[in-house]
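Taking it in order: structure first as structure tokens, then the write-up.
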Amino acid sequence: MSASALAFLLPGRVRSAEVAPSERVVQTGSMGEFRVASELALNGVLGKISRVDVNFAGPAKPNDLAEEAMEPGLDWDQWLGPAPVAKYSSVLSPRGVHGHYPAWREYAEYGGGGMTDFGAHHLDIAQWGLGMDGSGPVEARPAPGALEAFAKGQPGGIRGTELSYANGVVVRQVSGYGVEFVGSDGVVRVDRGRFELVLGGKSVAKKSGDEDRVSVESQYMRAEKNLLGDAKIRLAKSTNHLADFIASVRSRKAPVASEIAGGCTAIGCHLMALANRTGKTVGWDPVKRELVGGGIDPKELTRVYRGMKI
């Protein structure tokens with residue numbers, strides 16, 4: 001298996017092999033406060049961007065759950081699909097009707113942990129604000145102590161993974177705001193329902209979770225009006241994901257957030273997870289969409305599925 005085995009998941013291959021020939025419409029998504037933050041970064045309002053901090057947890061851990069009595073009526077073999085055979089646990093497949101997000105995503109046999117889950121939401125914004133939709137990093141570096149965290153079965157607590165881009169910008173996985181663009185002239189911090197813009201050391205706009213009487217819309221819209229009126233770069237705007245998708249289905253035009261952006265974001269998350277899982281720096285060619293520099297076993301790019309021969 002070649003080092004480009006992972007590329008079948010990547011946007012260019014996905015679009016050419018699946019989406020474009022069939023003329024299907026694939027949509028991902030984003031929010032208003034994130035769009036304005038990205039436009040502030042893209043239009044130089046913050047000065048030269050040196051760093052973007054993104055907040056999400058680490059990669060998944062191996063399944064170590066104890067066996068429980070089977071859920072009546074559940075086809076467990078069908079639920080497992082190509083994943084390894086495992087004993088039933090209600091942590092993976094909750095019993096009955098439940099009102100929470102099942103935790104199967106935290107276990108490596110079924111998901112990628114917070115790094116490939118929530119990580120996709122925030123890395124997506126980082127790439128948006130860096131003008132890297134359709135591209136990606138050139139290197140992924142593991143967090144300090146990543147291998148030790150895996151050895152202890154606690155990879156979810158990993159923080160400090162880094163992605164480097166060809167323009168010198170570093171994206172860091174940290175705790176804090178969802179996304180924080182750091183420039184030579186200012187900083188914008190953004191999250192769901194939170195927005196803070198600091199220019200020249202002074203707060204220009206702010207909405208934190210404790211300021212109930214201040215809407216996040218009023219803050220980012222004020223920043224947009226005062227600082228982006230003559231902006232050369234404007235990102236596509238959508239106030240309703242469903243309406244945007246339906247409009248794209250009717251027009252056959254790409255939605256605001258297409259499979260191209262989503263695919264590039266997903267691969268960035270997987271590169272971070274790969275760096276942590278191996279404890280190695282991972283080189284990446286975002287144009288050819290393949291590993292570079294050696295040092296990573298191509299087998300790390302996939303797994304053996306039940307019934308699969310390689």
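Chains: A, B, ... in order of the structure tokens. Residues: from 1 per chain. Ligands: from 1, in order shown.
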Next item on the list: Enumerate as JSON, numbers by chain all residues of segment 166-252 of chain A assigned to helix (DSSP H, G or I) by DSSP on the backbone, naming them with the chain letters and numbers the document uses.
Entry: {"A": [216, 217, 218, 219, 220, 221, 222, 223, 224, 225, 226, 227, 241, 242, 243, 244, 245, 246, 247, 248, 249, 250, 251]}
Notebook entry, point to check: Within 6 Å of segment 81-97 of chain A, counting only C-alpha atoms, which residues qualify if same-chain residues fewer than 5 places away don't, as a list in words?
Noted result: Glu67, Glu68, Ala103, Trp104, Tyr305 and Arg306 of chain A
For the selection just defined, write its residues with N, CA and C atoms to a file, as a tab-separated table (two decimals), in the first residue's frame.
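Output below, filename again.tsv:
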```
chain	number	residue	atom	x	y	z
A	67	GLU	N	-17.70	-5.89	29.39
A	67	GLU	CA	-18.86	-6.45	28.72
A	67	GLU	C	-20.12	-6.24	29.56
A	68	GLU	N	-21.21	-5.94	28.87
A	68	GLU	CA	-22.52	-5.81	29.51
A	68	GLU	C	-23.51	-6.75	28.84
A	103	ALA	N	-20.61	7.79	23.10
A	103	ALA	CA	-19.17	7.95	23.26
A	103	ALA	C	-18.35	6.99	22.42
A	104	TRP	N	-18.97	6.32	21.44
A	104	TRP	CA	-18.17	5.42	20.59
A	104	TRP	C	-17.04	6.18	19.91
A	305	TYR	N	-9.63	-4.22	8.30
A	305	TYR	CA	-11.06	-4.36	8.58
A	305	TYR	C	-11.46	-5.83	8.54
A	306	ARG	N	-12.50	-6.17	9.22
A	306	ARG	CA	-13.01	-7.53	9.18
A	306	ARG	C	-13.39	-7.89	7.74
```
Margin query: What parts of segment 51-200 of chain A does DSSP call strand (DSSP E or B)? I'd like the answer as a PyMOL selection string.
Written below: chain A and resi 51-55+61+107+139-141+162-164+170-174+179-183+186-191+194-199
Take the residues just selected and output them with C-alpha atoms as a PDB file, in the first residue's frame.
```pdb
ATOM      1  CA  ARG A  51      -0.413  31.651  14.869  1.00  0.00           C
ATOM      2  CA  VAL A  52      -3.879  30.201  15.161  1.00  0.00           C
ATOM      3  CA  ASP A  53      -4.935  28.441  18.349  1.00  0.00           C
ATOM      4  CA  VAL A  54      -7.698  25.850  18.140  1.00  0.00           C
ATOM      5  CA  ASN A  55      -9.430  24.151  21.054  1.00  0.00           C
ATOM      6  CA  LYS A  61      -8.056   5.450  22.921  1.00  0.00           C
ATOM      7  CA  TYR A 107     -12.582   4.705  21.076  1.00  0.00           C
ATOM      8  CA  GLU A 139       3.853  19.265   8.657  1.00  0.00           C
ATOM      9  CA  ALA A 140       2.163  17.879  11.775  1.00  0.00           C
ATOM     10  CA  ARG A 141       4.051  17.669  15.069  1.00  0.00           C
ATOM     11  CA  GLU A 162       0.921  21.615  15.951  1.00  0.00           C
ATOM     12  CA  LEU A 163       0.393  22.018  12.238  1.00  0.00           C
ATOM     13  CA  SER A 164       2.813  24.112  10.174  1.00  0.00           C
ATOM     14  CA  VAL A 170       1.511  27.537  13.035  1.00  0.00           C
ATOM     15  CA  VAL A 171      -1.822  26.127  14.170  1.00  0.00           C
ATOM     16  CA  ARG A 172      -1.708  24.936  17.790  1.00  0.00           C
ATOM     17  CA  GLN A 173      -4.157  22.626  19.541  1.00  0.00           C
ATOM     18  CA  VAL A 174      -4.766  24.172  22.971  1.00  0.00           C
ATOM     19  CA  VAL A 179     -10.414  29.538  17.503  1.00  0.00           C
ATOM     20  CA  GLU A 180      -7.983  32.397  18.086  1.00  0.00           C
ATOM     21  CA  PHE A 181      -6.212  34.196  15.220  1.00  0.00           C
ATOM     22  CA  VAL A 182      -3.048  35.943  16.447  1.00  0.00           C
ATOM     23  CA  GLY A 183      -1.615  38.702  14.270  1.00  0.00           C
ATOM     24  CA  GLY A 186      -4.371  42.261  16.905  1.00  0.00           C
ATOM     25  CA  VAL A 187      -6.174  39.128  17.979  1.00  0.00           C
ATOM     26  CA  VAL A 188      -9.657  37.792  17.332  1.00  0.00           C
ATOM     27  CA  ARG A 189     -11.076  35.057  19.553  1.00  0.00           C
ATOM     28  CA  VAL A 190     -14.241  33.281  18.512  1.00  0.00           C
ATOM     29  CA  ASP A 191     -16.459  30.448  19.666  1.00  0.00           C
ATOM     30  CA  ARG A 194     -18.526  34.275  21.900  1.00  0.00           C
ATOM     31  CA  PHE A 195     -16.546  36.885  20.012  1.00  0.00           C
ATOM     32  CA  GLU A 196     -13.649  39.105  21.086  1.00  0.00           C
ATOM     33  CA  LEU A 197     -11.558  41.439  18.952  1.00  0.00           C
ATOM     34  CA  VAL A 198      -8.462  43.205  20.294  1.00  0.00           C
ATOM     35  CA  LEU A 199      -6.587  45.730  18.141  1.00  0.00           C
TER      36      LEU A 199
END
```
Check: In terms of the shortest atom-to-atom distance over only C-alpha atoms, which of A:Ala108, A:Leu130, A:Ala166, A:Ala261 is closest to Leu40 of chain A?
Finding: A:Leu130
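You will find atom CA of Ala275 of chain A at 12.9 Å from atom CA of Pro137 of chain A.
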Counting only C-alpha atoms, which residues of segment 226-304 of chain A fall within 9 Å of segment 146-156 of chain A, and what is the closest atom pair for each with its distance in Å at one decimal, ordered by chain and rising number, as a Markdown table?
```
| residue | atom | partner | partner_atom | distance |
| --- | --- | --- | --- | --- |
| A:Ala275 | CA | A:Ala146 | CA | 8.7 |
| A:Asn276 | CA | A:Ala146 | CA | 5.4 |
| A:Arg277 | CA | A:Leu147 | CA | 6.8 |
| A:Thr278 | CA | A:Leu147 | CA | 7.3 |
| A:Gly279 | CA | A:Leu147 | CA | 5.8 |
```
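Distance-wise, atom CA of Asp117 of chain A and atom CA of Ala57 of chain A end up 8.8 Å apart.
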